[in-house]
Amino acid sequence: MQRPADAASRLLAATGLGLLLATGFGLQQQMIDLNKAGVGWIIGILGLILLAVSTLVAQGGGPLAKSFPLENEIEMANRVKEDVEEIEKDSSMGNAWAKLEATVLEQDISEQE
């Protein structure tokens, strides 16, 4: 299994290269004017930005570092295990509070009768 950062990096790089290729075809077909800024240039700039972000993600940094961590399978399994344990702990604590509240309400009702 590949790391999330590697998969995201490849996807971003491929998309960036595709956008640069589209810009190149637009220039070749003279659909993009070199002297005027337009949608064609925005697509090319977006392609360059995606390539830069792809490099950052592959190195474990940048704005998408938290979304696509640079970790191996063991680290990922440990992180997921810790998350599950924390959720179970919160759930059991919530259940304890609910039981305590139910007991107190039962006692209040029995005292009122």
# chains A, B, ... in the order shown; residues from 1 in each chain; ligands from 1
>>> residues_around(residues="Gly18 in chain A", least_positions_apart="2", cutoff="12 Å", atoms="only C-alpha atoms", output="PyMOL selection string")
chain A and resi 11-16+20-25+43-48+50-51
>>> write_last_selection(atoms="C-alpha atoms", output="short mmCIF file (atom, residue, chain, number, x, y, z; two decimals), in the first residue's frame")
data_model
loop_
_atom_site.label_atom_id
_atom_site.label_comp_id
_atom_site.auth_asym_id
_atom_site.auth_seq_id
_atom_site.Cartn_x
_atom_site.Cartn_y
_atom_site.Cartn_z
CA LEU A 11 -2.34 12.94 -8.68
CA LEU A 12 -1.41 16.61 -8.29
CA ALA A 13 1.62 16.26 -10.57
CA ALA A 14 -0.39 14.50 -13.28
CA THR A 15 -3.11 17.14 -13.13
CA GLY A 16 -0.54 19.94 -13.25
CA LEU A 20 0.45 22.63 -18.81
CA LEU A 21 -0.07 20.33 -21.80
CA ALA A 22 -3.46 21.95 -22.46
CA THR A 23 -1.81 25.38 -22.30
CA GLY A 24 0.88 24.21 -24.74
CA PHE A 25 -1.74 22.96 -27.18
CA ILE A 43 -4.88 27.29 -16.70
CA GLY A 44 -1.11 27.29 -17.25
CA ILE A 45 -0.43 29.08 -13.96
CA LEU A 46 -2.74 26.67 -12.15
CA GLY A 47 -0.74 23.80 -13.68
CA LEU A 48 2.50 25.27 -12.30
CA LEU A 50 -0.26 22.14 -8.82
CA LEU A 51 3.24 20.94 -9.71
#
>>> residues_around(residues="range 69-82 of chain A", least_positions_apart="6", cutoff="7 Å", atoms="only C-alpha atoms", output="ChimeraX atom specification")
/A:3-5,60
>>> write_last_selection(atoms="N, CA and C atoms", output="tab-separated table (two decimals), in the first residue's frame")
chain	number	residue	atom	x	y	z
A	3	ARG	N	1.83	5.31	0.47
A	3	ARG	CA	1.54	6.33	1.46
A	3	ARG	C	0.57	7.36	0.87
A	4	PRO	N	-0.27	7.97	1.72
A	4	PRO	CA	-1.21	8.97	1.21
A	4	PRO	C	-0.52	10.14	0.52
A	5	ALA	N	0.64	10.55	1.03
A	5	ALA	CA	1.36	11.68	0.44
A	5	ALA	C	1.83	11.33	-0.97
A	60	GLY	N	6.38	16.15	2.38
A	60	GLY	CA	5.71	16.17	3.68
A	60	GLY	C	5.41	17.55	4.20
>>> select_by_dssp(residues="range 21-99 of chain A", states="helix (DSSP H, G or I)", output="VMD selection string")
chain A and resid 21 to 28 39 to 58 73 to 99
>>> closest_residue(among="A:Gln107, A:Gln2, A:Glu86, A:Ser9", to="Gly61 in chain A", atoms="only C-alpha atoms")
A:Ser9
>>> decode(residues="range 86-98 of chain A", atoms="N, CA and C atoms", output="PDB file, in the first residue's frame")
ATOM      1  N   GLU A  86      -9.395   6.467  21.401  1.00  0.00           N
ATOM      2  CA  GLU A  86      -9.891   7.731  21.955  1.00  0.00           C
ATOM      3  C   GLU A  86     -11.401   7.836  21.803  1.00  0.00           C
ATOM      4  N   ILE A  87     -11.918   7.403  20.656  1.00  0.00           N
ATOM      5  CA  ILE A  87     -13.371   7.440  20.436  1.00  0.00           C
ATOM      6  C   ILE A  87     -14.076   6.493  21.401  1.00  0.00           C
ATOM      7  N   GLU A  88     -13.510   5.304  21.594  1.00  0.00           N
ATOM      8  CA  GLU A  88     -14.108   4.341  22.522  1.00  0.00           C
ATOM      9  C   GLU A  88     -14.078   4.873  23.949  1.00  0.00           C
ATOM     10  N   LYS A  89     -12.998   5.535  24.334  1.00  0.00           N
ATOM     11  CA  LYS A  89     -12.888   6.109  25.671  1.00  0.00           C
ATOM     12  C   LYS A  89     -13.946   7.197  25.872  1.00  0.00           C
ATOM     13  N   ASP A  90     -14.099   8.072  24.885  1.00  0.00           N
ATOM     14  CA  ASP A  90     -15.120   9.114  24.971  1.00  0.00           C
ATOM     15  C   ASP A  90     -16.511   8.516  25.046  1.00  0.00           C
ATOM     16  N   SER A  91     -16.745   7.454  24.291  1.00  0.00           N
ATOM     17  CA  SER A  91     -18.052   6.803  24.288  1.00  0.00           C
ATOM     18  C   SER A  91     -18.352   6.176  25.641  1.00  0.00           C
ATOM     19  N   SER A  92     -17.372   5.492  26.230  1.00  0.00           N
ATOM     20  CA  SER A  92     -17.606   4.857  27.529  1.00  0.00           C
ATOM     21  C   SER A  92     -17.812   5.905  28.615  1.00  0.00           C
ATOM     22  N   MET A  93     -17.109   7.030  28.511  1.00  0.00           N
ATOM     23  CA  MET A  93     -17.303   8.100  29.484  1.00  0.00           C
ATOM     24  C   MET A  93     -18.711   8.690  29.346  1.00  0.00           C
ATOM     25  N   GLY A  94     -19.161   8.847  28.120  1.00  0.00           N
ATOM     26  CA  GLY A  94     -20.514   9.350  27.889  1.00  0.00           C
ATOM     27  C   GLY A  94     -21.561   8.397  28.418  1.00  0.00           C
ATOM     28  N   ASN A  95     -21.333   7.098  28.250  1.00  0.00           N
ATOM     29  CA  ASN A  95     -22.267   6.094  28.763  1.00  0.00           C
ATOM     30  C   ASN A  95     -22.311   6.117  30.289  1.00  0.00           C
ATOM     31  N   ALA A  96     -21.152   6.320  30.925  1.00  0.00           N
ATOM     32  CA  ALA A  96     -21.115   6.387  32.390  1.00  0.00           C
ATOM     33  C   ALA A  96     -21.915   7.576  32.889  1.00  0.00           C
ATOM     34  N   TRP A  97     -21.774   8.719  32.218  1.00  0.00           N
ATOM     35  CA  TRP A  97     -22.543   9.901  32.620  1.00  0.00           C
ATOM     36  C   TRP A  97     -24.041   9.663  32.422  1.00  0.00           C
ATOM     37  N   ALA A  98     -24.408   8.999  31.345  1.00  0.00           N
ATOM     38  CA  ALA A  98     -25.824   8.727  31.090  1.00  0.00           C
ATOM     39  C   ALA A  98     -26.400   7.793  32.156  1.00  0.00           C
TER      40      ALA A  98
END
